[in-house]
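Listing of coords-v3.txt, compact mmCIF, C-alpha atoms
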```
# COMPACT_ATOMS: atom_id res chain seq x y z
CA MET A 5 13.82 -7.65 1.84
CA ARG A 6 11.74 -4.62 2.70
CA ASN A 7 11.57 -1.18 1.22
CA LYS A 8 13.61 1.47 3.04
CA LEU A 9 10.84 4.06 2.95
CA ILE A 10 8.40 1.61 4.53
CA GLU A 11 10.90 0.88 7.27
CA GLU A 12 11.49 4.57 7.92
CA ILE A 13 7.77 5.24 8.22
CA GLU A 14 7.23 2.23 10.46
CA LYS A 15 10.03 3.39 12.74
CA ASP A 16 7.80 6.13 14.17
CA TYR A 17 5.29 3.53 15.26
CA LEU A 18 7.69 1.02 16.84
CA LYS A 19 8.23 0.79 20.58
CA GLN A 20 11.76 0.98 21.84
CA ASP A 21 11.26 -0.71 25.21
CA ILE A 22 10.28 -4.20 24.10
CA PRO A 23 12.28 -6.94 25.85
CA ALA A 24 14.14 -9.53 23.81
CA LEU A 25 11.47 -12.20 23.34
CA ARG A 26 12.21 -15.79 22.47
CA ILE A 27 10.02 -18.74 21.65
CA GLY A 28 9.22 -20.64 24.83
CA ASP A 29 9.53 -17.62 27.12
CA ALA A 30 6.94 -17.27 29.85
CA VAL A 31 5.58 -13.74 29.56
CA ALA A 32 3.15 -11.43 31.29
CA VAL A 33 1.42 -9.13 28.80
CA SER A 34 -0.38 -6.08 30.19
CA VAL A 35 -3.25 -5.08 27.92
CA LYS A 36 -5.10 -1.79 28.16
CA ILE A 37 -8.85 -2.33 28.18
CA LYS A 38 -11.32 0.49 27.69
CA GLU A 39 -14.61 0.26 29.53
CA GLY A 40 -16.62 3.29 28.59
CA SER A 41 -14.48 6.22 29.63
CA LYS A 42 -12.43 4.18 32.09
CA GLU A 43 -9.27 2.40 31.21
CA ARG A 44 -7.82 -0.54 33.11
CA ILE A 45 -4.99 -2.96 32.61
CA GLN A 46 -5.50 -6.69 32.29
CA LYS A 47 -2.68 -9.18 32.54
CA PHE A 48 -2.28 -12.23 30.38
CA ASP A 49 0.32 -14.72 31.64
CA GLY A 50 1.41 -17.47 29.34
CA LEU A 51 3.93 -19.10 27.08
CA VAL A 52 5.14 -17.64 23.78
CA ILE A 53 4.43 -20.40 21.29
CA ALA A 54 4.82 -18.45 18.07
CA MET A 55 6.26 -15.19 16.74
CA LYS A 56 5.30 -13.82 13.36
CA GLY A 57 5.83 -10.76 11.22
CA THR A 58 8.26 -7.85 11.22
CA GLY A 59 8.02 -4.14 11.88
CA THR A 60 4.65 -2.85 13.03
CA GLY A 61 3.03 -6.16 12.12
CA ARG A 62 5.08 -8.24 14.54
CA THR A 63 2.95 -10.54 16.70
CA ILE A 64 3.41 -13.07 19.46
CA THR A 65 1.02 -15.91 20.21
CA VAL A 66 0.70 -16.48 23.96
CA ARG A 67 -0.88 -19.67 25.35
CA LYS A 68 -2.07 -20.23 28.86
CA MET A 69 -4.20 -22.78 30.68
CA SER A 70 -7.28 -21.15 32.14
CA SER A 71 -9.09 -23.52 34.52
CA GLY A 72 -8.16 -26.52 32.42
CA ILE A 73 -8.90 -24.94 29.07
CA GLY A 74 -6.15 -23.79 26.76
CA VAL A 75 -6.47 -20.11 25.79
CA GLU A 76 -4.35 -18.49 23.11
CA ARG A 77 -4.12 -14.81 22.31
CA VAL A 78 -2.24 -13.12 19.50
CA PHE A 79 -0.73 -9.77 20.47
CA LEU A 80 0.54 -7.08 18.16
CA VAL A 81 3.78 -6.39 19.97
CA HIS A 82 4.00 -2.72 18.94
CA SER A 83 0.34 -1.88 19.51
CA PRO A 84 -0.32 1.12 21.77
CA LEU A 85 -2.97 -0.99 23.48
CA ILE A 86 -0.25 -3.14 25.00
CA ASP A 87 1.10 -1.42 28.07
CA ASN A 88 4.11 -3.64 28.55
CA ILE A 89 5.46 -7.15 28.09
CA LYS A 90 7.56 -8.79 30.79
CA VAL A 91 9.52 -12.00 30.49
CA THR A 92 8.89 -14.00 33.66
CA SER A 93 10.93 -17.11 32.85
CA SER A 94 14.63 -17.23 33.55
CA GLY A 95 17.02 -18.77 31.09
CA LYS A 96 16.50 -20.10 27.63
CA ALA A 97 13.75 -22.61 26.90
CA LYS A 98 14.98 -26.12 26.08
CA ILE A 99 13.09 -26.54 22.86
CA ARG A 100 13.89 -27.61 19.32
CA ARG A 101 11.09 -25.94 17.41
CA ALA A 102 10.49 -22.40 16.17
CA LYS A 103 6.75 -22.83 16.75
CA LEU A 104 5.47 -24.71 19.79
CA TYR A 105 2.11 -25.74 18.35
CA TYR A 106 2.71 -29.35 19.50
CA ILE A 107 2.14 -28.20 23.06
CA ARG A 108 -1.61 -27.90 22.36
CA LYS A 109 -1.87 -31.69 22.29
CA LEU A 110 0.04 -32.22 25.51
CA GLN A 111 -1.31 -32.09 29.03
CA GLY A 112 -0.01 -31.94 32.58
CA LYS A 113 3.66 -32.50 33.15
CA ARG A 114 4.38 -33.15 29.48
CA ALA A 115 3.17 -29.69 28.57
CA ARG A 116 5.90 -28.10 30.64
CA ILE A 117 8.85 -26.30 29.12
CA GLU A 118 12.21 -26.67 30.76
CA TYR A 119 14.63 -23.80 30.99
CA THR A 120 18.38 -23.75 31.11
CA VAL A 121 19.57 -22.57 34.46
CA VAL A 122 21.27 -19.24 34.17
CA ALA A 123 24.68 -19.62 35.70
CA LYS A 124 25.33 -16.95 38.25
CA THR A 125 28.62 -15.25 37.74
CA PRO A 126 30.82 -16.95 40.31
CA LYS A 127 32.28 -14.66 42.90
CA ALA A 128 35.97 -14.53 43.06
CA THR A 129 36.97 -16.77 45.91
CA ALA A 130 40.34 -17.46 47.35
CA PRO A 131 41.94 -20.49 45.70
CA LYS A 132 41.97 -23.59 47.79
CA VAL A 133 45.23 -24.47 49.19
CA MET B 26 -9.36 19.19 -10.42
CA ILE B 27 -5.59 18.79 -10.15
CA GLY B 28 -4.18 15.30 -9.75
CA LEU B 29 -0.75 14.31 -8.52
CA PHE B 30 1.51 11.50 -9.66
CA ALA B 31 3.09 9.09 -7.20
CA ARG B 32 4.74 5.72 -7.07
CA LYS B 33 3.33 2.84 -5.11
CA VAL B 34 5.90 1.74 -2.56
CA GLY B 35 4.04 -1.00 -0.74
CA MET B 36 1.69 -1.74 2.12
CA THR B 37 2.14 -1.90 5.86
CA GLN B 38 0.09 -1.26 8.95
CA VAL B 39 0.37 1.64 11.38
CA PHE B 40 -1.46 2.60 14.53
CA ASP B 41 -3.90 5.47 14.94
CA GLY B 42 -4.50 7.49 18.09
CA GLU B 43 -6.90 4.95 19.52
CA GLY B 44 -4.55 2.03 19.06
CA ASN B 45 -6.24 0.55 16.03
CA ALA B 46 -3.94 -1.02 13.46
CA ILE B 47 -4.71 0.66 10.13
CA PRO B 48 -3.70 -0.99 6.85
CA VAL B 49 -2.06 1.68 4.69
CA THR B 50 -0.53 1.87 1.24
CA ILE B 51 2.57 4.04 1.06
CA LEU B 52 2.95 6.26 -2.01
CA GLU B 53 6.06 8.25 -2.84
CA LEU B 54 5.18 11.51 -4.57
CA LEU B 55 6.92 12.35 -7.83
CA GLU B 56 8.01 15.84 -8.91
CA ASN B 57 4.58 17.11 -10.07
CA VAL B 58 5.61 20.28 -11.88
CA VAL B 59 3.35 22.59 -13.89
CA THR B 60 4.55 22.17 -17.48
CA ALA B 61 1.90 24.15 -19.37
CA LYS B 62 -1.01 26.49 -18.77
CA LEU B 63 -4.02 26.22 -21.01
CA THR B 64 -6.48 29.11 -21.15
CA THR B 65 -9.97 29.54 -22.51
CA GLU B 66 -8.87 32.31 -24.89
CA LYS B 67 -6.07 30.30 -26.43
CA ASN B 68 -7.15 26.68 -26.13
CA GLY B 69 -10.91 26.82 -25.65
CA TYR B 70 -10.72 25.41 -22.14
CA SER B 71 -8.68 26.05 -19.03
CA ALA B 72 -6.35 23.40 -17.69
CA LEU B 73 -2.97 22.78 -16.13
CA GLN B 74 -0.53 20.31 -17.59
CA ILE B 75 1.40 18.43 -14.94
CA GLY B 76 4.69 16.64 -15.54
CA ALA B 77 6.20 13.81 -13.53
CA GLU B 78 8.75 10.99 -13.81
CA ILE B 79 12.13 12.44 -14.81
CA VAL B 80 13.82 10.13 -17.33
CA LYS B 81 17.02 9.96 -19.38
CA GLU B 82 17.21 11.80 -22.69
CA LYS B 83 17.15 8.59 -24.73
CA LYS B 84 13.75 7.69 -23.31
CA LEU B 85 12.01 10.61 -25.07
CA THR B 86 11.65 11.67 -28.67
CA LYS B 87 13.40 14.78 -29.95
CA PRO B 88 10.16 16.83 -30.21
CA GLN B 89 9.29 15.90 -26.64
CA ILE B 90 12.74 16.95 -25.40
CA ALA B 91 12.64 20.22 -27.37
CA SER B 92 9.22 21.21 -26.06
CA LEU B 93 10.33 20.67 -22.48
CA GLN B 94 13.74 22.32 -22.86
CA LYS B 95 12.16 25.38 -24.42
CA LYS B 96 10.48 26.01 -21.08
CA ASN B 97 13.58 25.11 -19.05
CA LEU B 98 11.90 22.03 -17.60
CA ALA B 99 13.30 18.66 -16.62
CA LEU B 100 12.67 15.69 -18.90
CA PHE B 101 9.32 14.33 -17.82
CA ARG B 102 7.93 11.13 -19.23
CA THR B 103 4.41 11.66 -17.93
CA LEU B 104 2.51 14.76 -18.98
CA LYS B 105 -1.15 15.10 -18.23
CA GLU B 106 -3.70 17.88 -18.43
CA PHE B 107 -6.13 18.47 -15.62
CA ARG B 108 -9.18 20.66 -16.17
CA VAL B 109 -9.27 23.47 -13.62
CA ALA B 110 -11.02 26.81 -13.25
CA PRO B 111 -9.28 29.84 -14.88
CA GLU B 112 -8.52 31.28 -11.42
CA VAL B 113 -6.53 28.17 -10.56
CA VAL B 114 -4.59 28.34 -13.82
CA SER B 115 -3.50 31.91 -13.14
CA LYS B 116 -2.40 30.93 -9.63
CA TYR B 117 0.43 28.74 -10.90
CA GLU B 118 3.54 29.55 -12.93
CA ILE B 119 5.19 27.16 -15.36
CA GLY B 120 7.85 25.24 -13.48
CA ALA B 121 6.07 25.51 -10.13
CA GLU B 122 5.98 22.41 -7.97
CA LEU B 123 2.58 21.43 -6.66
CA ASP B 124 2.03 21.22 -2.93
CA ALA B 125 0.38 17.92 -2.07
CA GLY B 126 -0.85 19.15 1.29
CA GLU B 127 -2.69 22.03 -0.34
CA ILE B 128 -4.23 19.93 -3.11
CA LEU B 129 -5.21 16.82 -1.19
CA GLY B 130 -6.25 18.57 2.00
CA GLU B 131 -5.76 17.63 5.61
CA GLU B 132 -5.27 14.19 7.04
CA GLY B 133 -8.51 12.27 6.91
CA SER B 134 -9.79 13.91 3.73
CA LEU B 135 -11.08 11.70 0.96
CA ILE B 136 -9.18 11.08 -2.24
CA ASP B 137 -9.57 9.19 -5.50
CA VAL B 138 -6.80 7.02 -6.90
CA LYS B 139 -6.35 5.96 -10.51
CA ALA B 140 -3.91 3.26 -11.56
CA ARG B 141 -3.31 0.32 -13.83
CA PRO B 142 -4.03 -2.81 -11.79
CA ILE B 143 -2.00 -6.00 -11.96
CA GLY B 144 -4.27 -7.08 -14.78
CA LYS B 145 -6.55 -9.81 -15.93
CA GLY B 146 -3.74 -12.05 -17.18
CA THR B 147 -4.00 -13.84 -20.49
CA THR B 148 -7.54 -13.43 -21.75
CA GLY B 149 -9.34 -14.72 -24.81
CA ARG B 150 -10.52 -12.58 -27.70
CA ILE B 151 -14.09 -12.51 -26.37
CA LYS B 152 -13.20 -10.83 -23.09
CA ARG B 153 -10.41 -8.71 -24.52
CA TRP B 154 -12.03 -7.37 -27.68
CA ASN B 155 -15.77 -7.86 -27.06
CA GLN B 156 -16.08 -10.37 -29.87
CA SER B 157 -18.84 -12.96 -29.97
CA ARG B 158 -18.56 -16.67 -29.48
CA ARG B 159 -19.84 -19.44 -31.71
CA ARG B 160 -22.56 -21.86 -30.71
CA MET B 161 -21.73 -24.29 -27.92
CA SER B 162 -23.91 -27.18 -29.16
CA HIS B 163 -25.25 -28.83 -32.32
CA GLY B 164 -22.02 -30.68 -33.01
CA THR B 165 -19.74 -27.71 -33.38
CA LYS B 166 -16.21 -28.08 -32.02
CA HIS B 167 -15.31 -24.37 -32.19
CA HIS B 168 -16.59 -22.22 -29.37
CA ARG B 169 -14.27 -19.43 -28.24
CA GLN B 170 -11.37 -19.77 -30.66
CA ILE B 171 -10.14 -16.87 -32.81
CA GLY B 172 -11.22 -18.34 -36.13
CA SER B 173 -9.36 -16.96 -39.15
CA ALA B 174 -6.36 -14.64 -38.80
CA GLY B 175 -6.69 -13.37 -42.35
CA ALA B 176 -6.53 -14.34 -46.03
CA GLY B 177 -4.02 -16.85 -47.53
CA THR B 178 -1.23 -16.34 -50.04
CA THR B 179 -2.31 -12.75 -50.60
CA PRO B 180 -1.30 -10.89 -48.43
CA GLY B 181 0.67 -13.86 -47.04
CA ARG B 182 0.97 -12.34 -43.58
CA VAL B 183 -1.12 -11.41 -40.58
CA PHE B 184 -2.00 -7.73 -40.43
CA LYS B 185 -0.56 -5.72 -37.58
CA GLY B 186 -2.97 -4.86 -34.81
CA LEU B 187 -5.25 -7.85 -35.42
CA HIS B 188 -7.40 -8.47 -32.38
CA MET B 189 -6.03 -11.60 -30.75
CA PRO B 190 -5.97 -13.17 -27.29
CA GLY B 191 -3.32 -11.95 -24.86
CA ARG B 192 -2.64 -10.06 -21.64
CA ASP B 193 -5.36 -7.59 -20.78
CA SER B 194 -5.82 -4.82 -18.21
CA GLU B 195 -7.36 -1.40 -17.97
CA ASP B 196 -7.06 1.59 -15.65
CA VAL B 197 -9.14 1.51 -12.51
CA THR B 198 -10.26 4.39 -10.28
CA ILE B 199 -10.89 3.76 -6.61
CA SER B 200 -13.01 6.47 -5.00
CA HIS B 201 -13.26 7.78 -1.46
CA LEU B 202 -10.03 6.47 0.02
CA LYS B 203 -8.94 8.15 3.22
CA LEU B 204 -5.68 10.08 3.36
CA PHE B 205 -4.19 8.76 6.58
CA LYS B 206 -1.06 10.89 6.66
CA TYR B 207 1.12 13.11 4.49
CA ILE B 208 4.82 13.32 5.40
CA PRO B 209 6.29 16.23 3.38
CA GLU B 210 9.94 15.53 4.33
CA LYS B 211 9.74 12.03 2.92
CA LYS B 212 7.32 12.96 0.11
CA ALA B 213 5.23 10.09 1.37
CA LEU B 214 1.48 9.65 1.33
CA LEU B 215 -0.12 7.08 3.62
CA ILE B 216 -3.49 6.05 2.25
CA LYS B 217 -5.86 3.78 4.09
CA GLY B 218 -6.55 0.55 2.26
CA ALA B 219 -5.24 -1.13 -0.84
CA ILE B 220 -4.46 0.57 -4.14
CA PRO B 221 -4.38 -1.12 -7.56
CA GLY B 222 -1.07 -1.83 -9.26
CA PHE B 223 2.31 -3.41 -8.65
CA ASP B 224 4.79 -1.95 -6.19
CA GLY B 225 6.57 0.75 -8.21
CA ALA B 226 3.53 1.45 -10.39
CA LEU B 227 2.56 4.98 -11.41
CA ILE B 228 -0.46 6.16 -9.45
CA GLN B 229 -2.66 9.21 -10.00
CA VAL B 230 -3.95 10.78 -6.79
CA LYS B 231 -6.78 13.33 -6.80
CA PRO B 232 -9.01 14.92 -4.19
CA SER B 233 -12.29 13.02 -4.05
CA LEU B 234 -14.49 14.13 -6.96
CA LYS B 235 -17.84 13.19 -5.47
CA LYS B 236 -17.25 13.78 -1.78
CA GLY B 237 -14.27 16.13 -1.79
CA GLU B 238 -14.40 19.77 -0.81
CA TRP B 239 -11.55 21.11 -2.88
CA ASN B 240 -12.61 23.89 -5.27
CA LYS B 241 -15.81 22.19 -6.29
CA THR B 242 -17.24 24.41 -9.00
CA ALA B 243 -18.82 23.32 -12.23
CA LEU B 244 -17.19 24.62 -15.40
CA SER B 245 -19.12 24.39 -18.64
CA ILE B 246 -17.01 23.40 -21.59
CA GLY B 247 -19.15 23.50 -24.70
CA LYS B 248 -22.16 21.44 -23.84
CA ARG B 249 -20.48 19.53 -21.05
CA GLN B 250 -20.24 20.44 -17.40
CA VAL B 251 -16.96 19.57 -15.77
CA LEU B 252 -16.26 19.67 -12.07
CA VAL B 253 -13.04 21.49 -11.37
```

This structure in structure tokens:
Amino acid sequence: MRNKLIEEIEKDYLKQDIPALRIGDAVAVSVKIKEGSKERIQKFDGLVIAMKGTGTGRTITVRKMSSGIGVERVFLVHSPLIDNIKVTSSGKAKIRRAKLYYIRKLQGKRARIEYTVVAKTPKATAPKV
Amino acid sequence: MIGLFARKVGMTQVFDGEGNAIPVTILELLENVVTAKLTTEKNGYSALQIGAEIVKEKKLTKPQIASLQKKNLALFRTLKEFRVAPEVVSKYEIGAELDAGEILGEEGSLIDVKARPIGKGTTGRIKRWNQSRRRMSHGTKHHRQIGSAGAGTTPGRVFKGLHMPGRDSEDVTISHLKLFKYIPEKKALLIKGAIPGFDGALIQVKPSLKKGEWNKTALSIGKRQVLV
């Protein structure tokens, strides 16, 4: 239960264009990086293994394998430093946990996440005679 | 220096222009109405009395209610005098609401906050009343206890107000906090950092005494010098 006034104030700082994120989604997070006066965008592709917090404090933990080493980054979803977040996986992850920390101990094929295949809406075809 | 009364709503984090997440405490301003003007001629010093926290009639005593109703004011529970220069006193009328933006300054200005923190919990008599302890060694088995609570059959009771262990706390002032934002429509103050007290606690907000810029002139009251 949160205070209404806090929620109202936070509303001004929340982004409206955030995709519906789920645990197990593969995402590409574009982060703005300032180098001196220049600004560039760096991408971080990985798997959402945890989501925490509400409002402006909402975060996602994204894990990826970078040349054999597991790298995890925690992103403040509503931060202005995050340009955008894109979900690259299709379908819902076949998982049974709300936090995928167990994946840190797994390697290779076992560390994969399976996704339900999104059924394409079947086109109306003429009934077989 | 005029202070304002507010209620602590809670903490959250918001983003500044550079994308940094700033931890802020949200305060909801109370009414803050001028309830009395004190002048050097009449009272010996110049000050403004500020009222806040409107309560039901049964919460106040009859003299309190009468003194407020005589001036056509709402029923305020909290009344506090703030020493200010005579020019400031004459600027305000009784019943005028204070403007937080004018008193606290722009966003980014420094402020002081006074409040009752969540407390020290149950403390012993030594910490709470500055009493002394008995020796720790030489066979004694009484170190920090209260000792006697009074005489025996006469008076046959414990006197009221006897210094005993119990819950303890005292007001705390936090200096030089940054005013992150003031939202007049919502009567909300966003202050960077934590503020003492429970959510819902009464908080006193003032422009920074030591580093503030607001009307910083010394006023001599008797032998003392007071910054107003």

Report task. Dump as number ranges by chain the residues of chain B that approach chain A to within 7 Å, counting only C-alpha atoms. Result -> B: 38-40, 44

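The interatomic distance for the pair CA of Gly72 (chain A) and CA of Lys103 (chain A) works out to 21.9 Å.
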
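Pairwise distance (CA of Gly35 (chain B), CA of Leu54 (chain B)) equals 13.1 Å.
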
Report task. Please check which residues have atoms at most 10 Å from (-14.9, -18.7, -32.8) in the file's coordinates, counting all atoms listed in the file, and write them as a ChimeraX atom specification. Result -> /B:150-151,156-160,166-173

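Using all atoms listed in the file, the smallest distance between any of B:Leu73, B:Gly149, B:Ser194, B:Leu52 and Lys116 (chain B) comes from B:Leu73.
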
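Using all atoms listed in the file, the residues found no farther than 8 Å from Thr65 (chain A), other than those of its own chain fewer than 3 positions away, are Val52, Ile53, Ala54, Met55, Glu76, Arg77, Val78 and Phe79 of chain A.
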
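Taking CA of Ser162 (chain B) and CA of Ala176 (chain B) as endpoints, the distance between them is 27.4 Å.
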
At most 12 Å is the cut-off: for each residue in region 11-104 of chain A with any atom that close to an atom of region 110-114 of chain A, write down the nearest atom pair and the distance in Å rounded to one decimal, counting all atoms listed in the file, chain first then increasing number, as CSV.
```
residue,atom,partner,partner_atom,distance
A:Lys68,CA,A:Gln111,CA,11.9
A:Met69,CA,A:Gln111,CA,9.9
A:Gly72,CA,A:Gln111,CA,9.5
A:Ile73,CA,A:Gln111,CA,10.4
A:Gly74,CA,A:Gln111,CA,9.9
A:Leu104,CA,A:Leu110,CA,10.9
```

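Proximity of B:Lys206, B:Lys145, B:Lys235, B:Arg192 to Glu132 (chain B), computed with only C-alpha atoms, is greatest for B:Lys206.
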
Query - Lys47 (chain A) surroundings by all atoms listed in the file, 7 Å radius, close-in-sequence under 3 positions cut, as a PyMOL selection string - result: chain A and resi 32-35

For region 102-112 of chain A, where the input has fewer atoms than it should, I would like all heavy atoms rebuilt and written as an mmCIF file, keeping the file's coordinate frame.
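Resulting contents of part35.cif:
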```cif
data_model
loop_
_atom_site.group_PDB
_atom_site.id
_atom_site.type_symbol
_atom_site.label_atom_id
_atom_site.label_comp_id
_atom_site.auth_asym_id
_atom_site.auth_seq_id
_atom_site.Cartn_x
_atom_site.Cartn_y
_atom_site.Cartn_z
ATOM 1 N N ALA A 102 10.706 -23.850 16.246
ATOM 2 C CA ALA A 102 10.490 -22.400 16.170
ATOM 3 C C ALA A 102 9.046 -22.049 16.488
ATOM 4 O O ALA A 102 8.723 -20.907 16.784
ATOM 5 C CB ALA A 102 10.848 -21.882 14.774
ATOM 6 N N LYS A 103 8.159 -23.023 16.394
ATOM 7 C CA LYS A 103 6.750 -22.830 16.750
ATOM 8 C C LYS A 103 6.358 -23.981 17.673
ATOM 9 O O LYS A 103 6.579 -25.137 17.335
ATOM 10 C CB LYS A 103 5.850 -22.876 15.504
ATOM 11 C CG LYS A 103 6.221 -21.868 14.429
ATOM 12 C CD LYS A 103 5.605 -20.521 14.694
ATOM 13 C CE LYS A 103 5.838 -19.558 13.561
ATOM 14 N NZ LYS A 103 7.231 -19.069 13.464
ATOM 15 N N LEU A 104 5.765 -23.668 18.805
ATOM 16 C CA LEU A 104 5.470 -24.710 19.790
ATOM 17 C C LEU A 104 4.019 -25.189 19.718
ATOM 18 O O LEU A 104 3.384 -25.432 20.736
ATOM 19 C CB LEU A 104 5.774 -24.186 21.206
ATOM 20 C CG LEU A 104 7.193 -23.666 21.435
ATOM 21 C CD1 LEU A 104 7.369 -23.251 22.873
ATOM 22 C CD2 LEU A 104 8.221 -24.715 21.069
ATOM 23 N N TYR A 105 3.511 -25.335 18.500
ATOM 24 C CA TYR A 105 2.110 -25.740 18.350
ATOM 25 C C TYR A 105 1.849 -27.132 18.922
ATOM 26 O O TYR A 105 0.721 -27.459 19.281
ATOM 27 C CB TYR A 105 1.690 -25.704 16.881
ATOM 28 C CG TYR A 105 1.760 -24.333 16.262
ATOM 29 C CD1 TYR A 105 2.236 -24.155 14.968
ATOM 30 C CD2 TYR A 105 1.346 -23.206 16.963
ATOM 31 C CE1 TYR A 105 2.308 -22.896 14.390
ATOM 32 C CE2 TYR A 105 1.413 -21.947 16.408
ATOM 33 C CZ TYR A 105 1.888 -21.797 15.124
ATOM 34 O OH TYR A 105 1.959 -20.543 14.556
ATOM 35 N N TYR A 106 2.898 -27.977 19.007
ATOM 36 C CA TYR A 106 2.710 -29.350 19.500
ATOM 37 C C TYR A 106 2.251 -29.359 20.952
ATOM 38 O O TYR A 106 1.680 -30.324 21.422
ATOM 39 C CB TYR A 106 4.003 -30.152 19.340
ATOM 40 C CG TYR A 106 5.153 -29.706 20.213
ATOM 41 C CD1 TYR A 106 5.309 -30.211 21.501
ATOM 42 C CD2 TYR A 106 6.092 -28.773 19.770
ATOM 43 C CE1 TYR A 106 6.353 -29.807 22.315
ATOM 44 C CE2 TYR A 106 7.129 -28.366 20.565
ATOM 45 C CZ TYR A 106 7.257 -28.887 21.842
ATOM 46 O OH TYR A 106 8.291 -28.473 22.652
ATOM 47 N N ILE A 107 2.472 -28.244 21.637
ATOM 48 C CA ILE A 107 2.140 -28.200 23.060
ATOM 49 C C ILE A 107 0.618 -28.220 23.275
ATOM 50 O O ILE A 107 0.133 -28.599 24.341
ATOM 51 C CB ILE A 107 2.800 -26.964 23.706
ATOM 52 C CG1 ILE A 107 3.332 -27.345 25.086
ATOM 53 C CG2 ILE A 107 1.874 -25.786 23.795
ATOM 54 C CD1 ILE A 107 4.460 -26.496 25.538
ATOM 55 N N ARG A 108 -0.143 -27.894 22.241
ATOM 56 C CA ARG A 108 -1.610 -27.900 22.360
ATOM 57 C C ARG A 108 -2.131 -29.309 22.627
ATOM 58 O O ARG A 108 -3.189 -29.475 23.224
ATOM 59 C CB ARG A 108 -2.242 -27.408 21.054
ATOM 60 C CG ARG A 108 -1.973 -25.948 20.766
ATOM 61 C CD ARG A 108 -2.388 -25.614 19.358
ATOM 62 N NE ARG A 108 -2.153 -24.209 19.044
ATOM 63 C CZ ARG A 108 -2.136 -23.714 17.823
ATOM 64 N NH1 ARG A 108 -2.331 -24.501 16.787
ATOM 65 N NH2 ARG A 108 -1.917 -22.441 17.622
ATOM 66 N N LYS A 109 -1.405 -30.305 22.149
ATOM 67 C CA LYS A 109 -1.870 -31.690 22.290
ATOM 68 C C LYS A 109 -1.414 -32.308 23.599
ATOM 69 O O LYS A 109 -1.825 -33.412 23.935
ATOM 70 C CB LYS A 109 -1.346 -32.528 21.129
ATOM 71 C CG LYS A 109 -1.998 -32.176 19.820
ATOM 72 C CD LYS A 109 -1.474 -33.056 18.721
ATOM 73 C CE LYS A 109 -2.093 -32.647 17.390
ATOM 74 N NZ LYS A 109 -1.378 -33.255 16.263
ATOM 75 N N LEU A 110 -0.530 -31.642 24.295
ATOM 76 C CA LEU A 110 0.040 -32.220 25.510
ATOM 77 C C LEU A 110 -0.681 -31.673 26.736
ATOM 78 O O LEU A 110 -1.220 -30.581 26.739
ATOM 79 C CB LEU A 110 1.527 -31.896 25.606
ATOM 80 C CG LEU A 110 2.365 -32.315 24.404
ATOM 81 C CD1 LEU A 110 3.811 -31.929 24.612
ATOM 82 C CD2 LEU A 110 2.257 -33.812 24.150
ATOM 83 N N GLN A 111 -0.651 -32.512 27.804
ATOM 84 C CA GLN A 111 -1.310 -32.090 29.030
ATOM 85 C C GLN A 111 -0.391 -32.349 30.228
ATOM 86 O O GLN A 111 0.528 -33.161 30.152
ATOM 87 C CB GLN A 111 -2.604 -32.879 29.230
ATOM 88 C CG GLN A 111 -3.733 -32.334 28.390
ATOM 89 C CD GLN A 111 -5.037 -32.995 28.696
ATOM 90 O OE1 GLN A 111 -5.038 -34.103 29.231
ATOM 91 N NE2 GLN A 111 -6.129 -32.344 28.371
ATOM 92 N N GLY A 112 -0.680 -31.689 31.310
ATOM 93 C CA GLY A 112 -0.010 -31.940 32.580
ATOM 94 C C GLY A 112 1.483 -31.703 32.503
ATOM 95 O O GLY A 112 1.940 -30.707 31.949
#
```
